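Peer 1: Pasting input-v9.txt here (compact mmCIF, C-alpha atoms):
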# COMPACT_ATOMS: atom_id res chain seq x y z
CA MET A 1 4.44 4.55 -41.30
CA SER A 2 4.25 1.11 -39.76
CA LYS A 3 5.19 0.89 -36.07
CA VAL A 4 6.21 -1.75 -33.63
CA ARG A 5 4.01 -1.36 -30.57
CA VAL A 6 3.33 -2.73 -27.15
CA ASN A 7 -0.18 -2.03 -25.85
CA CYS A 8 -2.06 -2.82 -22.70
CA PHE A 9 0.82 -4.71 -21.19
CA THR A 10 -0.07 -4.81 -17.54
CA LEU A 11 2.29 -4.55 -14.59
CA SER A 12 1.71 -4.82 -10.90
CA LEU A 13 2.81 -1.89 -8.77
CA ASP A 14 5.92 -3.81 -7.85
CA GLY A 15 6.74 -4.18 -11.54
CA TYR A 16 5.77 -7.73 -12.42
CA GLY A 17 4.14 -8.58 -15.74
CA ALA A 18 3.38 -12.10 -14.60
CA GLY A 19 3.44 -13.93 -11.31
CA SER A 20 5.51 -16.98 -10.46
CA ASP A 21 4.46 -20.61 -11.06
CA GLN A 22 2.73 -20.27 -14.42
CA ASP A 23 0.75 -23.28 -15.57
CA GLU A 24 -2.32 -24.15 -17.59
CA GLN A 25 -4.67 -23.09 -14.80
CA ASN A 26 -2.73 -19.87 -14.15
CA PRO A 27 -1.42 -18.58 -17.46
CA LEU A 28 -0.20 -15.43 -15.74
CA GLY A 29 1.17 -17.22 -12.69
CA LYS A 30 0.31 -16.77 -9.04
CA TYR A 31 -2.05 -13.81 -8.51
CA GLY A 32 -1.44 -12.86 -12.17
CA ALA A 33 -5.15 -12.79 -12.96
CA GLU A 34 -5.45 -9.73 -10.70
CA LEU A 35 -3.42 -7.72 -13.18
CA HIS A 36 -6.27 -7.44 -15.67
CA GLN A 37 -8.96 -6.12 -13.37
CA TRP A 38 -8.90 -2.93 -15.42
CA PHE A 39 -9.18 -4.71 -18.78
CA ARG A 40 -11.82 -7.38 -18.26
CA PRO A 41 -14.78 -5.05 -17.66
CA THR A 42 -14.11 -2.91 -20.75
CA ARG A 43 -16.40 -2.86 -23.74
CA THR A 44 -13.39 -3.67 -25.90
CA PHE A 45 -12.58 -6.87 -24.04
CA LYS A 46 -16.19 -7.97 -23.89
CA GLY A 47 -16.40 -7.44 -27.64
CA MET A 48 -13.29 -9.60 -28.13
CA ILE A 49 -14.69 -12.55 -26.24
CA GLY A 50 -18.22 -12.17 -27.59
CA ASP A 51 -19.70 -11.31 -24.19
CA PRO A 52 -23.06 -9.68 -24.95
CA SER A 53 -23.08 -7.59 -21.75
CA GLU A 54 -22.34 -3.97 -22.25
CA GLY A 55 -18.88 -3.32 -20.85
CA THR A 56 -17.40 -0.11 -19.52
CA THR A 57 -16.38 2.90 -21.53
CA GLY A 58 -13.90 5.52 -20.38
CA LEU A 59 -10.15 5.85 -20.30
CA ASP A 60 -9.43 2.19 -19.58
CA ASP A 61 -11.57 1.19 -22.52
CA ASP A 62 -9.99 3.86 -24.73
CA PHE A 63 -6.57 2.33 -24.11
CA ALA A 64 -7.90 -1.18 -24.63
CA ARG A 65 -9.48 -0.16 -27.94
CA LYS A 66 -6.43 1.72 -29.22
CA GLY A 67 -4.45 -1.44 -28.60
CA THR A 68 -6.58 -3.28 -31.16
CA GLU A 69 -6.48 -0.66 -33.91
CA ASN A 70 -4.41 -0.77 -37.08
CA LEU A 71 -2.69 -4.06 -36.32
CA GLY A 72 -1.33 -6.21 -39.13
CA ALA A 73 0.56 -8.83 -37.14
CA TRP A 74 1.41 -9.93 -33.60
CA ILE A 75 4.48 -11.43 -32.00
CA LEU A 76 4.10 -13.59 -28.90
CA GLY A 77 6.55 -15.42 -26.72
CA ARG A 78 5.83 -19.09 -26.56
CA ASN A 79 4.42 -18.97 -23.04
CA MET A 80 1.79 -16.52 -24.23
CA PHE A 81 0.69 -19.23 -26.66
CA GLY A 82 0.54 -22.02 -24.14
CA PRO A 83 1.84 -23.79 -21.06
CA ILE A 84 3.88 -26.44 -22.92
CA ARG A 85 7.65 -26.21 -22.48
CA GLY A 86 10.25 -28.04 -24.58
CA THR A 87 9.35 -29.98 -27.74
CA TRP A 88 5.72 -30.13 -28.84
CA PRO A 89 4.38 -33.57 -27.90
CA ASP A 90 1.82 -33.27 -30.74
CA GLU A 91 -0.31 -30.57 -32.35
CA ALA A 92 -3.17 -30.80 -29.89
CA TRP A 93 -2.48 -27.50 -28.11
CA ARG A 94 -4.00 -24.72 -30.21
CA GLY A 95 -3.55 -21.72 -27.90
CA TRP A 96 -5.39 -20.36 -24.89
CA TRP A 97 -8.24 -18.89 -26.91
CA GLY A 98 -10.35 -21.70 -28.37
CA ASP A 99 -11.09 -22.07 -32.09
CA SER A 100 -11.34 -18.40 -32.89
CA PRO A 101 -8.53 -16.40 -31.24
CA PRO A 102 -8.97 -12.63 -30.89
CA TYR A 103 -6.09 -11.73 -33.24
CA HIS A 104 -7.58 -12.06 -36.75
CA VAL A 105 -4.14 -11.53 -38.34
CA PRO A 106 -0.89 -13.53 -38.53
CA VAL A 107 0.67 -14.21 -35.13
CA PHE A 108 4.35 -15.08 -34.92
CA VAL A 109 5.20 -17.26 -31.93
CA LEU A 110 8.81 -17.30 -30.73
CA THR A 111 9.95 -20.81 -29.90
CA HIS A 112 12.98 -23.07 -30.05
CA HIS A 113 10.84 -25.94 -31.34
CA ALA A 114 9.59 -26.08 -34.90
CA ARG A 115 5.94 -26.66 -35.64
CA ARG A 116 3.72 -26.31 -38.72
CA PRO A 117 1.67 -23.12 -39.07
CA LEU A 118 -1.70 -23.37 -37.43
CA GLU A 119 -4.63 -21.74 -39.18
CA MET A 120 -7.51 -20.87 -36.90
CA GLU A 121 -10.98 -19.45 -37.50
CA GLY A 122 -11.42 -15.73 -37.99
CA GLY A 123 -8.18 -14.91 -39.75
CA THR A 124 -5.64 -15.85 -37.09
CA THR A 125 -2.73 -18.03 -38.23
CA PHE A 126 0.00 -18.95 -35.76
CA TYR A 127 3.50 -19.22 -37.24
CA PHE A 128 6.20 -20.78 -35.09
CA ILE A 129 9.50 -19.01 -35.54
CA THR A 130 12.66 -20.76 -34.44
CA ASP A 131 15.32 -18.41 -35.79
CA GLY A 132 15.16 -15.56 -33.33
CA ILE A 133 13.47 -12.28 -32.53
CA GLU A 134 14.89 -10.36 -35.48
CA ARG A 135 13.65 -12.84 -38.03
CA ALA A 136 10.24 -12.93 -36.32
CA LEU A 137 10.03 -9.15 -36.53
CA GLU A 138 11.02 -9.17 -40.19
CA LEU A 139 8.27 -11.65 -40.98
CA ALA A 140 5.74 -9.77 -38.87
CA LYS A 141 6.53 -6.48 -40.58
CA GLU A 142 6.21 -8.12 -43.97
CA ALA A 143 2.84 -9.58 -42.99
CA ALA A 144 1.63 -6.32 -41.47
CA GLY A 145 2.41 -4.15 -44.49
CA ALA A 146 1.35 -0.58 -43.73
CA ARG A 147 -0.24 -1.60 -40.46
CA ASP A 148 1.54 -1.99 -37.12
CA VAL A 149 3.12 -4.96 -35.42
CA ARG A 150 2.12 -5.54 -31.83
CA ILE A 151 4.45 -7.31 -29.45
CA GLY A 152 2.00 -9.05 -27.16
CA GLY A 153 4.40 -10.33 -24.51
CA GLY A 154 5.29 -11.92 -22.22
CA VAL A 155 7.84 -10.09 -20.15
CA GLN A 156 10.91 -11.79 -21.61
CA THR A 157 9.78 -11.16 -25.18
CA ILE A 158 9.16 -7.47 -24.54
CA ARG A 159 12.48 -7.13 -22.73
CA GLN A 160 14.30 -8.64 -25.68
CA TYR A 161 12.68 -6.29 -28.17
CA LEU A 162 13.26 -3.28 -25.92
CA SER A 163 16.92 -4.23 -25.54
CA ALA A 164 17.16 -4.33 -29.32
CA ARG A 165 15.50 -0.87 -29.45
CA ALA A 166 12.94 -2.41 -31.79
CA ILE A 167 9.85 -1.10 -30.03
CA ASP A 168 8.64 2.34 -31.14
CA GLU A 169 5.85 2.86 -28.65
CA MET A 170 4.87 1.08 -25.47
CA HIS A 171 1.73 1.46 -23.42
CA VAL A 172 1.88 -0.13 -19.99
CA ALA A 173 -1.05 -0.30 -17.59
CA VAL A 174 -0.08 -0.31 -13.92
CA SER A 175 -2.64 -2.14 -11.82
CA PRO A 176 -2.99 -1.32 -8.13
CA VAL A 177 -1.94 -4.76 -6.96
CA LEU A 178 1.22 -6.32 -5.57
CA LEU A 179 2.36 -9.67 -6.98
CA GLY A 180 5.45 -9.95 -4.78
CA SER A 181 7.36 -12.15 -7.20
CA GLY A 182 7.36 -13.19 -10.83
CA GLU A 183 8.72 -11.75 -14.04
CA HIS A 184 9.88 -8.15 -13.71
CA LEU A 185 9.74 -5.94 -16.77
CA PHE A 186 12.31 -3.29 -15.82
CA GLN A 187 14.83 -5.14 -13.63
CA ASN A 188 18.35 -4.61 -14.95
CA LEU A 189 17.02 -3.10 -18.14
CA ASP A 190 18.18 0.47 -18.56
CA LEU A 191 15.36 1.88 -20.66
CA ARG A 192 16.69 5.38 -20.32
CA ALA A 193 20.07 4.44 -21.78
CA LEU A 194 18.21 2.69 -24.60
CA GLY A 195 16.54 5.99 -25.49
CA TYR A 196 13.09 5.41 -24.02
CA ARG A 197 11.23 8.07 -22.09
CA VAL A 198 7.82 8.55 -20.54
CA ALA A 199 5.52 10.35 -22.94
CA SER A 200 2.51 10.43 -20.61
CA GLN A 201 1.06 9.03 -17.42
CA VAL A 202 -2.70 9.20 -16.94
CA ALA A 203 -5.17 7.66 -14.53
CA GLY A 204 -7.84 5.37 -15.92
CA GLU A 205 -10.72 4.02 -13.88
CA LYS A 206 -8.81 0.97 -12.58
CA ALA A 207 -5.21 1.38 -13.74
CA THR A 208 -2.61 4.03 -14.43
CA HIS A 209 -1.70 4.19 -18.10
CA VAL A 210 1.88 4.99 -18.99
CA SER A 211 3.01 5.62 -22.54
CA PHE A 212 6.66 5.38 -23.53
CA ASP A 213 8.31 6.40 -26.74
CA ARG A 214 11.83 6.19 -28.04
CA VAL A 215 14.02 9.18 -28.73
CA ASP A 216 16.36 8.41 -31.55
CA ALA A 217 19.80 9.82 -30.88
CA MET B 1 -2.43 5.19 18.12
CA SER B 2 1.08 6.01 17.01
CA LYS B 3 2.04 4.72 13.55
CA VAL B 4 5.19 4.05 11.63
CA ARG B 5 4.80 5.72 8.24
CA VAL B 6 6.51 6.30 4.95
CA ASN B 7 5.27 9.35 3.06
CA CYS B 8 6.11 10.98 -0.22
CA PHE B 9 8.78 8.46 -1.03
CA THR B 10 9.24 8.91 -4.74
CA LEU B 11 9.94 6.22 -7.31
CA SER B 12 10.63 6.40 -10.99
CA LEU B 13 8.37 4.40 -13.27
CA ASP B 14 11.02 1.73 -13.45
CA GLY B 15 11.00 1.48 -9.68
CA TYR B 16 14.09 3.36 -8.53
CA GLY B 17 14.05 5.53 -5.41
CA ALA B 18 17.47 6.95 -6.22
CA GLY B 19 19.75 6.92 -9.23
CA SER B 20 23.25 5.51 -9.37
CA ASP B 21 26.44 7.46 -8.49
CA GLN B 22 25.24 9.45 -5.51
CA ASP B 23 27.55 12.21 -4.33
CA GLU B 24 27.43 15.61 -2.69
CA GLN B 25 26.32 17.30 -5.92
CA ASN B 26 23.72 14.60 -6.64
CA PRO B 27 22.25 13.42 -3.35
CA LEU B 28 19.74 11.31 -5.25
CA GLY B 29 22.22 10.03 -7.81
CA LYS B 30 22.16 10.30 -11.55
CA TYR B 31 18.89 11.84 -12.80
CA GLY B 32 17.52 11.46 -9.24
CA ALA B 33 16.54 15.13 -9.04
CA GLU B 34 13.87 14.43 -11.67
CA LEU B 35 11.99 12.30 -9.17
CA HIS B 36 10.74 15.28 -7.20
CA GLN B 37 9.23 17.28 -10.02
CA TRP B 38 5.86 16.74 -8.37
CA PHE B 39 7.01 17.82 -4.91
CA ARG B 40 9.09 20.93 -5.48
CA PRO B 41 6.30 23.19 -6.81
CA THR B 42 3.92 22.41 -3.93
CA ARG B 43 2.93 24.96 -1.35
CA THR B 44 4.03 22.50 1.33
CA PHE B 45 7.56 22.23 0.01
CA LYS B 46 7.87 25.96 -0.54
CA GLY B 47 6.76 26.48 3.04
CA MET B 48 9.43 24.04 4.24
CA ILE B 49 12.26 25.85 2.53
CA GLY B 50 10.95 29.33 3.28
CA ASP B 51 10.31 30.13 -0.36
CA PRO B 52 7.91 33.10 -0.32
CA SER B 53 6.37 32.26 -3.72
CA GLU B 54 2.94 30.75 -3.54
CA GLY B 55 3.27 27.10 -4.50
CA THR B 56 0.68 24.78 -5.97
CA THR B 57 -2.30 23.32 -4.21
CA GLY B 58 -4.13 20.19 -5.28
CA LEU B 59 -3.61 16.49 -4.82
CA ASP B 60 0.18 16.57 -4.99
CA ASP B 61 0.23 19.22 -2.31
CA ASP B 62 -2.32 17.33 -0.22
CA PHE B 63 -0.03 14.30 -0.13
CA ALA B 64 2.99 16.47 0.60
CA ARG B 65 1.17 18.14 3.49
CA LYS B 66 -0.19 14.91 4.98
CA GLY B 67 3.38 13.68 5.04
CA THR B 68 4.30 16.46 7.46
CA GLU B 69 1.38 16.08 9.85
CA ASN B 70 1.43 14.47 13.28
CA LEU B 71 5.10 13.49 13.21
CA GLY B 72 7.04 13.03 16.43
CA ALA B 73 10.28 11.58 15.09
CA TRP B 74 12.05 10.59 11.88
CA ILE B 75 14.42 7.79 10.95
CA LEU B 76 16.89 8.28 8.11
CA GLY B 77 19.50 6.09 6.57
CA ARG B 78 22.92 7.63 6.75
CA ASN B 79 23.04 8.53 3.06
CA MET B 80 19.93 10.64 3.54
CA PHE B 81 21.93 12.62 6.08
CA GLY B 82 24.98 13.12 3.93
CA PRO B 83 27.43 11.90 1.31
CA ILE B 84 30.14 10.78 3.76
CA ARG B 85 30.82 7.03 3.88
CA GLY B 86 32.83 5.19 6.53
CA THR B 87 34.01 6.87 9.74
CA TRP B 88 33.23 10.55 10.29
CA PRO B 89 36.40 12.53 9.59
CA ASP B 90 35.11 15.26 11.95
CA GLU B 91 31.80 16.89 12.88
CA ALA B 92 31.79 19.43 10.07
CA TRP B 93 29.03 17.77 8.03
CA ARG B 94 25.70 18.84 9.51
CA GLY B 95 23.25 17.44 6.96
CA TRP B 96 21.98 18.55 3.56
CA TRP B 97 19.66 21.18 4.95
CA GLY B 98 21.70 24.07 6.39
CA ASP B 99 21.34 25.31 9.96
CA SER B 100 17.60 24.79 10.27
CA PRO B 101 16.53 21.42 8.84
CA PRO B 102 12.85 20.94 7.99
CA TYR B 103 12.24 18.21 10.60
CA HIS B 104 11.71 20.14 13.89
CA VAL B 105 11.69 16.87 15.88
CA PRO B 106 14.29 14.23 16.80
CA VAL B 107 15.79 12.48 13.78
CA PHE B 108 17.47 9.09 14.24
CA VAL B 109 20.19 8.43 11.69
CA LEU B 110 21.20 4.80 11.05
CA THR B 111 24.96 4.43 10.84
CA HIS B 112 27.75 2.05 11.73
CA HIS B 113 29.87 4.94 13.01
CA ALA B 114 29.21 6.61 16.35
CA ARG B 115 28.85 10.35 16.60
CA ARG B 116 27.57 12.77 19.24
CA PRO B 117 24.01 14.05 18.89
CA LEU B 118 23.76 17.17 16.79
CA GLU B 119 21.31 19.82 17.87
CA MET B 120 20.21 22.15 15.10
CA GLU B 121 18.01 25.24 15.01
CA GLY B 122 14.24 24.85 14.95
CA GLY B 123 13.87 21.74 17.08
CA THR B 124 15.72 19.19 14.95
CA THR B 125 18.27 17.03 16.78
CA PHE B 126 20.13 14.31 14.89
CA TYR B 127 20.91 11.18 16.90
CA PHE B 128 23.32 8.68 15.38
CA ILE B 129 22.25 5.12 16.09
CA THR B 130 24.79 2.35 15.71
CA ASP B 131 22.88 -0.59 17.15
CA GLY B 132 20.47 -1.42 14.38
CA ILE B 133 17.06 -0.64 12.93
CA GLU B 134 15.07 -2.11 15.80
CA ARG B 135 16.81 -0.01 18.41
CA ALA B 136 16.42 3.08 16.25
CA LEU B 137 12.70 2.43 15.95
CA GLU B 138 12.38 1.92 19.69
CA LEU B 139 14.04 5.25 20.36
CA ALA B 140 12.04 6.99 17.68
CA LYS B 141 8.75 5.67 19.08
CA GLU B 142 9.75 6.78 22.54
CA ALA B 143 10.58 10.24 21.26
CA ALA B 144 7.40 10.47 19.18
CA GLY B 145 5.03 9.58 22.00
CA ALA B 146 1.47 9.69 20.68
CA ARG B 147 2.60 11.08 17.35
CA ASP B 148 3.88 9.03 14.39
CA VAL B 149 7.35 7.99 13.32
CA ARG B 150 8.24 8.67 9.71
CA ILE B 151 10.82 6.55 7.93
CA GLY B 152 12.32 9.05 5.52
CA GLY B 153 14.45 6.72 3.44
CA GLY B 154 16.51 5.95 1.52
CA VAL B 155 15.64 2.82 -0.35
CA GLN B 156 17.71 0.42 1.77
CA THR B 157 16.31 1.79 5.01
CA ILE B 158 12.72 1.46 3.85
CA ARG B 159 13.39 -2.05 2.53
CA GLN B 160 14.79 -3.09 5.89
CA TYR B 161 11.79 -1.78 7.80
CA LEU B 162 9.36 -3.31 5.29
CA SER B 163 11.11 -6.66 5.59
CA ALA B 164 10.68 -6.42 9.36
CA ARG B 165 6.96 -5.63 8.82
CA ALA B 166 7.55 -2.52 10.91
CA ILE B 167 5.89 -0.04 8.56
CA ASP B 168 2.15 0.44 9.06
CA GLU B 169 1.43 2.73 6.12
CA MET B 170 3.42 3.71 3.09
CA HIS B 171 2.69 6.42 0.55
CA VAL B 172 4.77 6.23 -2.60
CA ALA B 173 4.67 8.82 -5.38
CA VAL B 174 5.45 7.45 -8.82
CA SER B 175 6.99 10.08 -11.06
CA PRO B 176 6.68 9.79 -14.83
CA VAL B 177 10.40 9.43 -15.41
CA LEU B 178 12.79 6.58 -16.11
CA LEU B 179 16.05 6.42 -14.15
CA GLY B 180 17.33 3.25 -15.81
CA SER B 181 19.48 2.20 -12.87
CA GLY B 182 19.93 2.89 -9.18
CA GLU B 183 18.34 1.62 -6.02
CA HIS B 184 15.18 -0.38 -6.58
CA LEU B 185 12.55 -0.39 -3.87
CA PHE B 186 10.69 -3.60 -4.76
CA GLN B 187 13.33 -5.85 -6.31
CA ASN B 188 13.38 -9.23 -4.53
CA LEU B 189 11.17 -7.91 -1.78
CA ASP B 190 7.90 -9.83 -1.61
CA LEU B 191 5.63 -7.17 -0.15
CA ARG B 192 2.58 -9.31 -0.71
CA ALA B 193 4.00 -12.17 1.35
CA LEU B 194 4.85 -9.63 4.04
CA GLY B 195 1.18 -8.69 4.27
CA TYR B 196 1.22 -5.40 2.39
CA ARG B 197 -1.45 -4.45 -0.10
CA VAL B 198 -2.40 -1.46 -2.20
CA ALA B 199 -5.00 0.63 -0.41
CA SER B 200 -5.37 3.23 -3.17
CA GLN B 201 -3.84 4.58 -6.35
CA VAL B 202 -4.74 8.11 -7.41
CA ALA B 203 -3.41 10.56 -9.95
CA GLY B 204 -2.00 13.84 -8.73
CA GLU B 205 -1.01 16.70 -10.99
CA LYS B 206 2.53 15.41 -11.61
CA ALA B 207 2.75 11.97 -9.98
CA THR B 208 0.65 8.93 -9.23
CA HIS B 209 0.13 8.45 -5.51
CA VAL B 210 -0.01 4.93 -4.19
CA SER B 211 -0.92 4.10 -0.62
CA PHE B 212 -0.05 0.75 0.93
CA ASP B 213 -1.15 -0.69 4.20
CA ARG B 214 -0.42 -3.88 6.04
CA VAL B 215 -2.92 -6.62 6.69
CA ASP B 216 -2.11 -8.36 9.92
CA ALA B 217 -2.66 -12.08 9.60
Would it be possible to restate this file's structure as structure tokens?

Peer 2:
Amino acid sequence: MSKVRVNCFTLSLDGYGAGSDQDEQNPLGKYGAELHQWFRPTRTFKGMIGDPSEGTTGLDDDFARKGTENLGAWILGRNMFGPIRGTWPDEAWRGWWGDSPPYHVPVFVLTHHARRPLEMEGGTTFYFITDGIERALELAKEAAGARDVRIGGGVQTIRQYLSARAIDEMHVAVSPVLLGSGEHLFQNLDLRALGYRVASQVAGEKATHVSFDRVDA
Amino acid sequence: MSKVRVNCFTLSLDGYGAGSDQDEQNPLGKYGAELHQWFRPTRTFKGMIGDPSEGTTGLDDDFARKGTENLGAWILGRNMFGPIRGTWPDEAWRGWWGDSPPYHVPVFVLTHHARRPLEMEGGTTFYFITDGIERALELAKEAAGARDVRIGGGVQTIRQYLSARAIDEMHVAVSPVLLGSGEHLFQNLDLRALGYRVASQVAGEKATHVSFDRVDA
């Protein structure tokens, strides 16, 4: 059965999924690039970006790879798509990823500002959804069919879907860094009351991998 | 050289060092007892409480044991000493630990309410300090001599000493549980700006052990 998943969402030890002061040069905010030290060396990531060097295998790579499997659609918050806030000045911004983004399926971008769908190379089409997280999830599930929907982030998007109890499984990687400030995933979000629990916690090479699931009451 | 240390301070995955609604039956608040699932089975803990059963060895026990070594004094927030708030009604409350607490050295308890020192069996004496965290640390260092001072907790006490950059080393155990609410160790505390960094992150049998140190600018 089709699931709604979070995978490979990376937190600092102090709980931040992104640093402060995000901009085009620092998509993950101040110090945010340090979060993905576990992910960048993996064979999975190198495959995604077409890096011919070999890449690491092991637990970190296993989690990275599982995150890519059986996906039929993605949902992203607008800041995951780009640094532009407010109305789109034009259609020039086409995402952080160049002409061929690593999604290869429909990607639903949550925004308050309408924009035409954007078809990229390699099977990725960005759809800009202005009528809320529930509608975006409906469309994503429809697009995904029997495959899963992955909620890519950022923090606010994941928090909204967790609050709605819409996420079935969540894998979080905890990187051994401190960001000190930024967007906190858990702050004032009572995951336990929402029915979530820790299914497992295991150590990868460069991050601790925590898997959550939801117990339906 | 003598150090100021935090050891074995346990956080939930969502960052809480204690749950909400602390009282005499639940010293660590709602669900807080789940935090110490890694600690209770260890040989070190069983030795502390005089439990004759064997106890586990391994990484969890190594961290537990290191936490007990070379200590000359402790500092505790008042809630770590007991559930009483406000003025002491009398001297009947003598701590959570019975007649022979597991400290065996002077313990400085932070409180706004004066009380005579309390000498217990086995070398533990509780001193009640009403003139602030700096004075408590001064007295604790004096008492500890060449040995270290351990800041036992709770969350607010550790946050105050971290904010003052008074802690040299901190070991935190992250338990694979969600508390959902309670006292958060990192919230609005910019450890990175204070000079702290992650020295190591390793997986024990039932918790992830994170060690922080302070880089002096």

Peer 1: Could you check which of B:Ser100, B:Thr111, B:Ser163, B:Ser53 is closest to B:Leu194, using all atoms listed in the file?

Peer 2: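 So, comparing all the options, the nearest one is B:Ser163.
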
Peer 1: Got a sec: who's within 8 Å of A:Ala166, counting all atoms listed in the file, leaving out chain neighbours fewer than 4 positions off, as a list of chain:residue names?

Peer 2: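 With the cut-off at 8 Å, the set is A:Val4, A:Tyr161, A:Leu162.
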
Peer 1: Write the selection just made, keeping C-alpha atoms, as a PDB file, in the coordinates of the input?

Peer 2:
ATOM      1  CA  VAL A   4       6.210  -1.750 -33.630  1.00  0.00           C
ATOM      2  CA  TYR A 161      12.680  -6.290 -28.170  1.00  0.00           C
ATOM      3  CA  LEU A 162      13.260  -3.280 -25.920  1.00  0.00           C
TER       4      LEU A 162
END

Peer 1: Residues of chain B within 7 Å of chain A, counting all atoms listed in the file, what are they? List them as number ranges by chain.

Peer 2: B: 14, 176-181, 186, 189-193, 197-198, 201, 203

Peer 1: What gap, in Å, lies between atom CA of B:Asp131 and atom CA of B:Ala92?

Peer 2: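 We find that atom CA of B:Asp131 and atom CA of B:Ala92 lie 23.0 Å from each other.
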
Peer 1: For stretch 5-10 of chain B, please output as a ChimeraX atom specification all residues within 6 Å (counting all atoms listed in the file; exclusion window: fewer than 3 positions along the same chain).

Peer 2: /B:17,67,150-151,167-174

Peer 1: For C-alpha atoms, I'd like the residues from the last selection saved as a PDB file, in the frame of the given file.

Peer 2:
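Dumped to result-v2.pdb:
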ATOM      1  CA  GLY B  17      14.050   5.530  -5.410  1.00  0.00           C
ATOM      2  CA  GLY B  67       3.380  13.680   5.040  1.00  0.00           C
ATOM      3  CA  ARG B 150       8.240   8.670   9.710  1.00  0.00           C
ATOM      4  CA  ILE B 151      10.820   6.550   7.930  1.00  0.00           C
ATOM      5  CA  ILE B 167       5.890  -0.040   8.560  1.00  0.00           C
ATOM      6  CA  ASP B 168       2.150   0.440   9.060  1.00  0.00           C
ATOM      7  CA  GLU B 169       1.430   2.730   6.120  1.00  0.00           C
ATOM      8  CA  MET B 170       3.420   3.710   3.090  1.00  0.00           C
ATOM      9  CA  HIS B 171       2.690   6.420   0.550  1.00  0.00           C
ATOM     10  CA  VAL B 172       4.770   6.230  -2.600  1.00  0.00           C
ATOM     11  CA  ALA B 173       4.670   8.820  -5.380  1.00  0.00           C
ATOM     12  CA  VAL B 174       5.450   7.450  -8.820  1.00  0.00           C
TER      13      VAL B 174
END

Peer 1: Neighbourhood query: residues within 6 Å of (-16.3, -7.3, -21.1), file coordinates, counting only C-alpha atoms; return as a list in words.

Peer 2: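 Using only C-alpha atoms, the matching residues come out as Arg40, Pro41, Thr42, Arg43, Phe45, Lys46 and Gly55 of chain A.
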
Peer 1: Take atom CA of B:Gly29 and atom CA of B:Glu54 and report the distance between them in Å, one decimal.

Peer 2: 28.6 Å

Peer 1: Give me the box for stretch 182-200 of chain A as AutoDock Vina command-line options, namely the centre and edge lengths in Å to one decimal of a box along x, y and z that holds every listed atom plus 4 Å on each side.

Peer 2:
--center_x 11.3 --center_y -1.4 --center_z -18.2 --size_x 25.6 --size_y 31.6 --size_z 22.7

Peer 1: Do you have the atom CA of A:Leu118-atom CA of A:Glu91 distance handy?

Peer 2: 8.9 Å

Peer 1: Determine, counting all atoms listed in the file, every residue of protein, DNA or RNA that lies within 6 Å of (21.6, 6.3, -4.4) in the file coordinates, then give the result as a list of chain:residue names.

Peer 2: B:Ala18, B:Gly19, B:Ser20, B:Gln22, B:Leu28, B:Gly29, B:Glu183
